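Undergrad: Contents of data.pdb (PDB, C-alpha atoms) are given next:
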ATOM      1  CA  MET M   1     121.054 128.420  98.443  1.00  0.00           C
ATOM      2  CA  ALA M   2     120.813 126.078 101.433  1.00  0.00           C
ATOM      3  CA  SER M   3     123.223 126.507 104.312  1.00  0.00           C
ATOM      4  CA  ALA M   4     125.731 123.795 105.205  1.00  0.00           C
ATOM      5  CA  SER M   5     124.133 123.214 108.631  1.00  0.00           C
ATOM      6  CA  PHE M   6     120.713 122.678 107.022  1.00  0.00           C
ATOM      7  CA  LEU M   7     122.140 120.118 104.570  1.00  0.00           C
ATOM      8  CA  ALA M   8     123.951 118.312 107.403  1.00  0.00           C
ATOM      9  CA  ALA M   9     120.690 118.131 109.392  1.00  0.00           C
ATOM     10  CA  LEU M  10     118.971 116.471 106.441  1.00  0.00           C
ATOM     11  CA  LYS M  11     121.561 113.690 106.423  1.00  0.00           C
ATOM     12  CA  ARG M  12     121.261 112.940 110.171  1.00  0.00           C
ATOM     13  CA  PRO M  13     118.452 110.671 111.379  1.00  0.00           C
ATOM     14  CA  HIS M  14     115.831 112.134 113.672  1.00  0.00           C
ATOM     15  CA  PRO M  15     116.919 111.563 117.310  1.00  0.00           C
ATOM     16  CA  GLU M  16     113.596 109.888 118.274  1.00  0.00           C
ATOM     17  CA  SER M  17     113.384 107.734 115.165  1.00  0.00           C
ATOM     18  CA  PRO M  18     114.629 104.121 115.368  1.00  0.00           C
ATOM     19  CA  HIS M  19     114.878 104.115 111.567  1.00  0.00           C
ATOM     20  CA  PRO M  20     117.555 105.680 109.361  1.00  0.00           C
ATOM     21  CA  ARG M  21     116.707 108.813 107.364  1.00  0.00           C
ATOM     22  CA  ALA M  22     116.125 106.767 104.192  1.00  0.00           C
ATOM     23  CA  VAL M  23     112.995 105.175 105.725  1.00  0.00           C
ATOM     24  CA  PRO M  24     111.224 107.972 107.623  1.00  0.00           C
ATOM     25  CA  ALA M  25     108.194 107.398 109.845  1.00  0.00           C
ATOM     26  CA  PHE M  26     105.134 109.625 109.710  1.00  0.00           C
ATOM     27  CA  PRO M  27     104.716 111.761 112.853  1.00  0.00           C
ATOM     28  CA  ASP M  28     101.321 110.224 113.764  1.00  0.00           C
ATOM     29  CA  CYS M  29     102.289 106.676 112.861  1.00  0.00           C
ATOM     30  CA  ASP M  30     104.757 104.207 114.343  1.00  0.00           C
ATOM     31  CA  THR M  31     105.032 102.199 111.113  1.00  0.00           C
ATOM     32  CA  PRO M  32     107.867 103.093 108.717  1.00  0.00           C
ATOM     33  CA  VAL M  33     106.860 103.790 105.118  1.00  0.00           C
ATOM     34  CA  SER M  34     108.656 100.745 103.707  1.00  0.00           C
ATOM     35  CA  THR M  35     106.601  98.202 105.708  1.00  0.00           C
ATOM     36  CA  LEU M  36     103.230  99.404 104.437  1.00  0.00           C
ATOM     37  CA  PRO M  37     101.918  97.409 101.477  1.00  0.00           C
ATOM     38  CA  ALA M  38     101.398  99.001  98.070  1.00  0.00           C
ATOM     39  CA  CYS M  39      97.881  99.962  97.029  1.00  0.00           C
ATOM     40  CA  PRO M  40      96.095  96.872  95.613  1.00  0.00           C
ATOM     41  CA  LYS M  41      94.198  99.039  93.135  1.00  0.00           C
ATOM     42  CA  CYS M  42      96.904 101.236  91.560  1.00  0.00           C
ATOM     43  CA  GLU M  43     100.132  99.708  93.025  1.00  0.00           C
ATOM     44  CA  SER M  44     101.199 103.071  94.496  1.00  0.00           C
ATOM     45  CA  THR M  45     103.842 102.855  97.225  1.00  0.00           C
ATOM     46  CA  TYR M  46     102.696 106.107  98.896  1.00  0.00           C
ATOM     47  CA  THR M  47     100.157 104.473 101.221  1.00  0.00           C
ATOM     48  CA  TYR M  48      99.530 105.619 104.784  1.00  0.00           C
ATOM     49  CA  GLU M  49      97.596 104.502 107.858  1.00  0.00           C
ATOM     50  CA  ASP M  50      94.457 106.218 109.129  1.00  0.00           C
ATOM     51  CA  GLY M  51      93.229 104.399 112.208  1.00  0.00           C
ATOM     52  CA  ALA M  52      92.493 100.794 111.215  1.00  0.00           C
ATOM     53  CA  LEU M  53      92.573 101.486 107.465  1.00  0.00           C
ATOM     54  CA  LEU M  54      95.298 101.938 104.865  1.00  0.00           C
ATOM     55  CA  ILE M  55      94.734 104.728 102.347  1.00  0.00           C
ATOM     56  CA  CYS M  56      96.235 105.460  98.939  1.00  0.00           C
ATOM     57  CA  PRO M  57      96.579 109.215  98.324  1.00  0.00           C
ATOM     58  CA  GLU M  58      96.864 108.750  94.552  1.00  0.00           C
ATOM     59  CA  CYS M  59      93.616 106.874  93.824  1.00  0.00           C
ATOM     60  CA  GLY M  60      91.772 107.328  97.143  1.00  0.00           C
ATOM     61  CA  HIS M  61      91.344 103.584  97.714  1.00  0.00           C
ATOM     62  CA  GLU M  62      90.832 102.544 101.361  1.00  0.00           C
ATOM     63  CA  TRP M  63      91.337  99.001 102.621  1.00  0.00           C
ATOM     64  CA  SER M  64      91.985  97.032 105.772  1.00  0.00           C
ATOM     65  CA  PRO M  65      95.545  95.761 106.396  1.00  0.00           C
ATOM     66  CA  ARG M  66      94.097  92.281 107.011  1.00  0.00           C
ATOM     67  CA  ASP M  67      92.703  92.301 103.452  1.00  0.00           C
ATOM     68  CA  SER M  68      96.112  93.085 101.950  1.00  0.00           C
ATOM     69  CA  GLU M  69      97.947  90.327 103.858  1.00  0.00           C
ATOM     70  CA  ALA M  70      96.226  87.484 101.992  1.00  0.00           C
ATOM     71  CA  PRO M  71      95.641  88.614  98.401  1.00  0.00           C
ATOM     72  CA  VAL M  72      93.521  86.172  96.466  1.00  0.00           C
ATOM     73  CA  ALA M  73      94.730  85.610  92.931  1.00  0.00           C
ATOM     74  CA  GLU M  74      91.702  85.730  90.686  1.00  0.00           C
ATOM     75  CA  ALA M  75      92.133  83.899  87.423  1.00  0.00           C
ATOM     76  CA  ARG M  76      90.859  85.945  84.525  1.00  0.00           C
ATOM     77  CA  VAL M  77      88.333  84.020  82.458  1.00  0.00           C
ATOM     78  CA  ILE M  78      88.003  85.134  78.847  1.00  0.00           C
ATOM     79  CA  ARG M  79      84.745  84.277  77.087  1.00  0.00           C
ATOM     80  CA  ASP M  80      83.746  84.533  73.441  1.00  0.00           C
ATOM     81  CA  ALA M  81      80.680  86.323  72.011  1.00  0.00           C
ATOM     82  CA  VAL M  82      78.394  83.403  72.967  1.00  0.00           C
ATOM     83  CA  GLY M  83      79.808  82.859  76.472  1.00  0.00           C
ATOM     84  CA  ASN M  84      82.123  79.883  75.870  1.00  0.00           C
ATOM     85  CA  VAL M  85      85.399  79.917  77.825  1.00  0.00           C
ATOM     86  CA  LEU M  86      88.432  80.472  75.577  1.00  0.00           C
ATOM     87  CA  LEU M  87      91.823  78.824  76.140  1.00  0.00           C
ATOM     88  CA  ASP M  88      95.254  79.138  74.532  1.00  0.00           C
ATOM     89  CA  GLY M  89      95.427  77.138  71.289  1.00  0.00           C
ATOM     90  CA  ASP M  90      91.682  77.246  70.561  1.00  0.00           C
ATOM     91  CA  THR M  91      90.270  77.807  67.085  1.00  0.00           C
ATOM     92  CA  VAL M  92      87.708  80.596  66.701  1.00  0.00           C
ATOM     93  CA  THR M  93      85.698  82.245  63.926  1.00  0.00           C
ATOM     94  CA  VAL M  94      84.997  85.948  63.541  1.00  0.00           C
ATOM     95  CA  VAL M  95      81.304  86.866  64.068  1.00  0.00           C
ATOM     96  CA  LYS M  96      81.431  90.414  62.627  1.00  0.00           C
ATOM     97  CA  ASP M  97      83.256  92.191  59.804  1.00  0.00           C
ATOM     98  CA  LEU M  98      86.239  93.898  61.416  1.00  0.00           C
ATOM     99  CA  LYS M  99      87.904  96.879  59.743  1.00  0.00           C
ATOM    100  CA  ILE M 100      91.635  97.065  60.368  1.00  0.00           C
ATOM    101  CA  LYS M 101      92.818 100.519  61.434  1.00  0.00           C
ATOM    102  CA  GLY M 102      95.258 102.164  59.067  1.00  0.00           C
ATOM    103  CA  SER M 103      94.495  99.727  56.268  1.00  0.00           C
ATOM    104  CA  SER M 104      91.791  99.034  53.712  1.00  0.00           C
ATOM    105  CA  LEU M 105      91.721  95.357  54.718  1.00  0.00           C
ATOM    106  CA  VAL M 106      88.688  93.794  56.410  1.00  0.00           C
ATOM    107  CA  VAL M 107      88.477  90.562  58.395  1.00  0.00           C
ATOM    108  CA  LYS M 108      85.261  89.005  57.062  1.00  0.00           C
ATOM    109  CA  VAL M 109      82.562  87.185  59.045  1.00  0.00           C
ATOM    110  CA  GLY M 110      83.353  83.476  59.304  1.00  0.00           C
ATOM    111  CA  THR M 111      87.128  83.884  59.037  1.00  0.00           C
ATOM    112  CA  LYS M 112      88.696  80.972  60.933  1.00  0.00           C
ATOM    113  CA  VAL M 113      91.534  81.812  63.297  1.00  0.00           C
ATOM    114  CA  LYS M 114      93.613  78.879  64.565  1.00  0.00           C
ATOM    115  CA  ASN M 115      95.922  78.585  67.567  1.00  0.00           C
ATOM    116  CA  ILE M 116      94.978  81.757  69.475  1.00  0.00           C
ATOM    117  CA  ARG M 117      96.978  83.116  72.425  1.00  0.00           C
ATOM    118  CA  LEU M 118      95.150  84.836  75.294  1.00  0.00           C
ATOM    119  CA  THR M 119      96.685  88.039  76.624  1.00  0.00           C
ATOM    120  CA  ASP M 120      95.916  90.747  79.170  1.00  0.00           C
ATOM    121  CA  GLY M 121      94.752  94.098  77.944  1.00  0.00           C
ATOM    122  CA  ASP M 122      92.068  95.596  75.760  1.00  0.00           C
ATOM    123  CA  HIS M 123      92.508  93.046  72.964  1.00  0.00           C
ATOM    124  CA  ASP M 124      92.258  89.638  74.653  1.00  0.00           C
ATOM    125  CA  ILE M 125      93.490  87.497  71.750  1.00  0.00           C
ATOM    126  CA  ASP M 126      96.789  87.508  69.838  1.00  0.00           C
ATOM    127  CA  CYS M 127      96.595  85.563  66.596  1.00  0.00           C
ATOM    128  CA  LYS M 128      97.798  85.240  63.029  1.00  0.00           C
ATOM    129  CA  ILE M 129      95.200  85.543  60.259  1.00  0.00           C
ATOM    130  CA  ASP M 130      96.013  84.161  56.816  1.00  0.00           C
ATOM    131  CA  GLY M 131      96.373  86.946  54.258  1.00  0.00           C
ATOM    132  CA  ILE M 132      96.506  89.669  56.917  1.00  0.00           C
ATOM    133  CA  GLY M 133      99.174  88.713  59.478  1.00  0.00           C
ATOM    134  CA  ALA M 134      99.575  88.994  63.216  1.00  0.00           C
ATOM    135  CA  MET M 135      96.975  91.029  65.065  1.00  0.00           C
ATOM    136  CA  GLY M 136      95.015  91.403  68.285  1.00  0.00           C
ATOM    137  CA  LEU M 137      91.293  90.668  68.516  1.00  0.00           C
ATOM    138  CA  LYS M 138      88.705  91.345  71.178  1.00  0.00           C
ATOM    139  CA  SER M 139      87.020  88.221  72.484  1.00  0.00           C
ATOM    140  CA  GLU M 140      83.571  89.751  71.994  1.00  0.00           C
ATOM    141  CA  PHE M 141      83.957  89.473  68.206  1.00  0.00           C
ATOM    142  CA  VAL M 142      84.863  85.761  67.998  1.00  0.00           C
ATOM    143  CA  LYS M 143      83.086  82.443  68.571  1.00  0.00           C
ATOM    144  CA  LYS M 144      84.760  79.187  69.607  1.00  0.00           C
ATOM    145  CA  VAL M 145      84.590  76.434  66.961  1.00  0.00           C
TER     146      VAL M 145
END
As a first step, turn the structure in this file into structure tokens.

TA:
Amino acid sequence: MASASFLAALKRPHPESPHPRAVPAFPDCDTPVSTLPACPKCESTYTYEDGALLICPECGHEWSPRDSEAPVAEARVIRDAVGNVLLDGDTVTVVKDLKIKGSSLVVKVGTKVKNIRLTDGDHDIDCKIDGIGAMGLKSEFVKKV
């Protein structure tokens, strides 16, 4: 069991630290933990400085602080099996027979799917197929009409 003096020392800020105990600074670094940006690759908040670079201990990603100050938002472009760009509300047809997991149903080649919604994730398209219902499709198995 911890002594009372040890527990009291944990609650007091370090005498040389300008920051309260809740935001400690690393011994070799003047920057408090809370001001360092999260890892751009895995979004971990446990990043630290090593010279001119920032490093994520969870995924091992290294980057320059100048790179993290101006993140460029890249728009994700979803393309069909032929290379056409897909948009929300498009109509597509299925280019391959698709077995539905956990069911004996099959989405046949040439099935027309209207009013698709593009999503993030493994299955790029959310849609409703007549006779089957709502489901997710991968963009590599459809062609824009």

Undergrad: Please evaluate the PyMOL selection byres ((chain M and resi 40) around 10) against the displayed coordinates and give the resulting residues as an NGL selection string.

TA: :M and (37-39 or 41-45 or 56 or 61-63 or 67-68 or 71)

Undergrad: Those selected residues, please, written with C-alpha atoms and delivered as a PDB file, in the frame of the given file.

TA:
ATOM      1  CA  PRO M  37     101.918  97.409 101.477  1.00  0.00           C
ATOM      2  CA  ALA M  38     101.398  99.001  98.070  1.00  0.00           C
ATOM      3  CA  CYS M  39      97.881  99.962  97.029  1.00  0.00           C
ATOM      4  CA  LYS M  41      94.198  99.039  93.135  1.00  0.00           C
ATOM      5  CA  CYS M  42      96.904 101.236  91.560  1.00  0.00           C
ATOM      6  CA  GLU M  43     100.132  99.708  93.025  1.00  0.00           C
ATOM      7  CA  SER M  44     101.199 103.071  94.496  1.00  0.00           C
ATOM      8  CA  THR M  45     103.842 102.855  97.225  1.00  0.00           C
ATOM      9  CA  CYS M  56      96.235 105.460  98.939  1.00  0.00           C
ATOM     10  CA  HIS M  61      91.344 103.584  97.714  1.00  0.00           C
ATOM     11  CA  GLU M  62      90.832 102.544 101.361  1.00  0.00           C
ATOM     12  CA  TRP M  63      91.337  99.001 102.621  1.00  0.00           C
ATOM     13  CA  ASP M  67      92.703  92.301 103.452  1.00  0.00           C
ATOM     14  CA  SER M  68      96.112  93.085 101.950  1.00  0.00           C
ATOM     15  CA  PRO M  71      95.641  88.614  98.401  1.00  0.00           C
TER      16      PRO M  71
END

Undergrad: Residue by residue, what does the PyMOL selection byres ((chain M and resi 127) around 8) grab here? Present the result as a list in words.

TA: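 Selection result, ordered by chain and number: Val113, Lys114, Asn115, Ile116, Arg117, Ile125, Asp126, Lys128, Ile129, Ala134, Met135, Gly136 and Leu137 of chain M.
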
Undergrad: May I ask for the distance between CA of Asp120 (chain M) and CA of Phe141 (chain M), given in Å to one decimal place?

TA: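 Atom-to-atom, CA of Asp120 (chain M) to CA of Phe141 (chain M), that is 16.3 Å.
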
Undergrad: Pick from M:Asp97, M:Asp50, M:Glu58, M:Glu140: nearest to Val85 (chain M), with only C-alpha atoms counted?

TA: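 Of all the options, M:Glu140 lies closest to Val85 (chain M).
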
Undergrad: Residues picked by the PyMOL selection byres ((chain M and resi 81) around 6) here, as a PyMOL selection string?

TA: chain M and resi 80+82-83+140-143

Undergrad: Excluding Leu98 (chain M) and its own-chain neighbours fewer than 6 positions away, which residues fall within 9 Å of it when counting all atoms listed in the file? Please give them as a PDB file with C-alpha atoms, keeping the file's coordinate frame.

TA:
ATOM      1  CA  LEU M 105      91.721  95.357  54.718  1.00  0.00           C
ATOM      2  CA  VAL M 106      88.688  93.794  56.410  1.00  0.00           C
ATOM      3  CA  VAL M 107      88.477  90.562  58.395  1.00  0.00           C
ATOM      4  CA  LYS M 108      85.261  89.005  57.062  1.00  0.00           C
ATOM      5  CA  VAL M 109      82.562  87.185  59.045  1.00  0.00           C
ATOM      6  CA  PHE M 141      83.957  89.473  68.206  1.00  0.00           C
TER       7      PHE M 141
END

Undergrad: Find, counting all atoms listed in the file, the residue in M:Lys144, M:Tyr48, M:Thr119, M:Ile100 that gets nearest to Ile132 (chain M).

TA: M:Ile100

Undergrad: Just give me the gap between CA of Ser64 (chain M) and CA of Ala52 (chain M) in Å, one decimal is fine.

TA: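 So the two atoms, CA of Ser64 (chain M) and CA of Ala52 (chain M), lie 6.6 Å apart.
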
Undergrad: Looking at all atoms listed in the file, which of M:Asp124, M:Gly102, M:Cys59, M:Thr93 is the one that sits closest to Val145 (chain M)?

TA: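 Of M:Asp124, M:Gly102, M:Cys59, M:Thr93, the one nearest Val145 (chain M), counting all atoms listed in the file, is M:Thr93.
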
Undergrad: One decimal, Å: what's the distance from CA of Gly60 (chain M) over to CA of His123 (chain M), could you say?

TA: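 CA of His123 (chain M) lies 28.1 Å from CA of Gly60 (chain M).
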
Undergrad: Work out where the centre of an axis-aligned box around every listed atom of region 85-93 of chain M lies and how long its edges are once 3 Å is added on each side; give both in Å to one decimal as JSON.

TA:
{"center_x": 90.4, "center_y": 79.7, "center_z": 70.9, "size_x": 16.0, "size_y": 11.1, "size_z": 19.9}
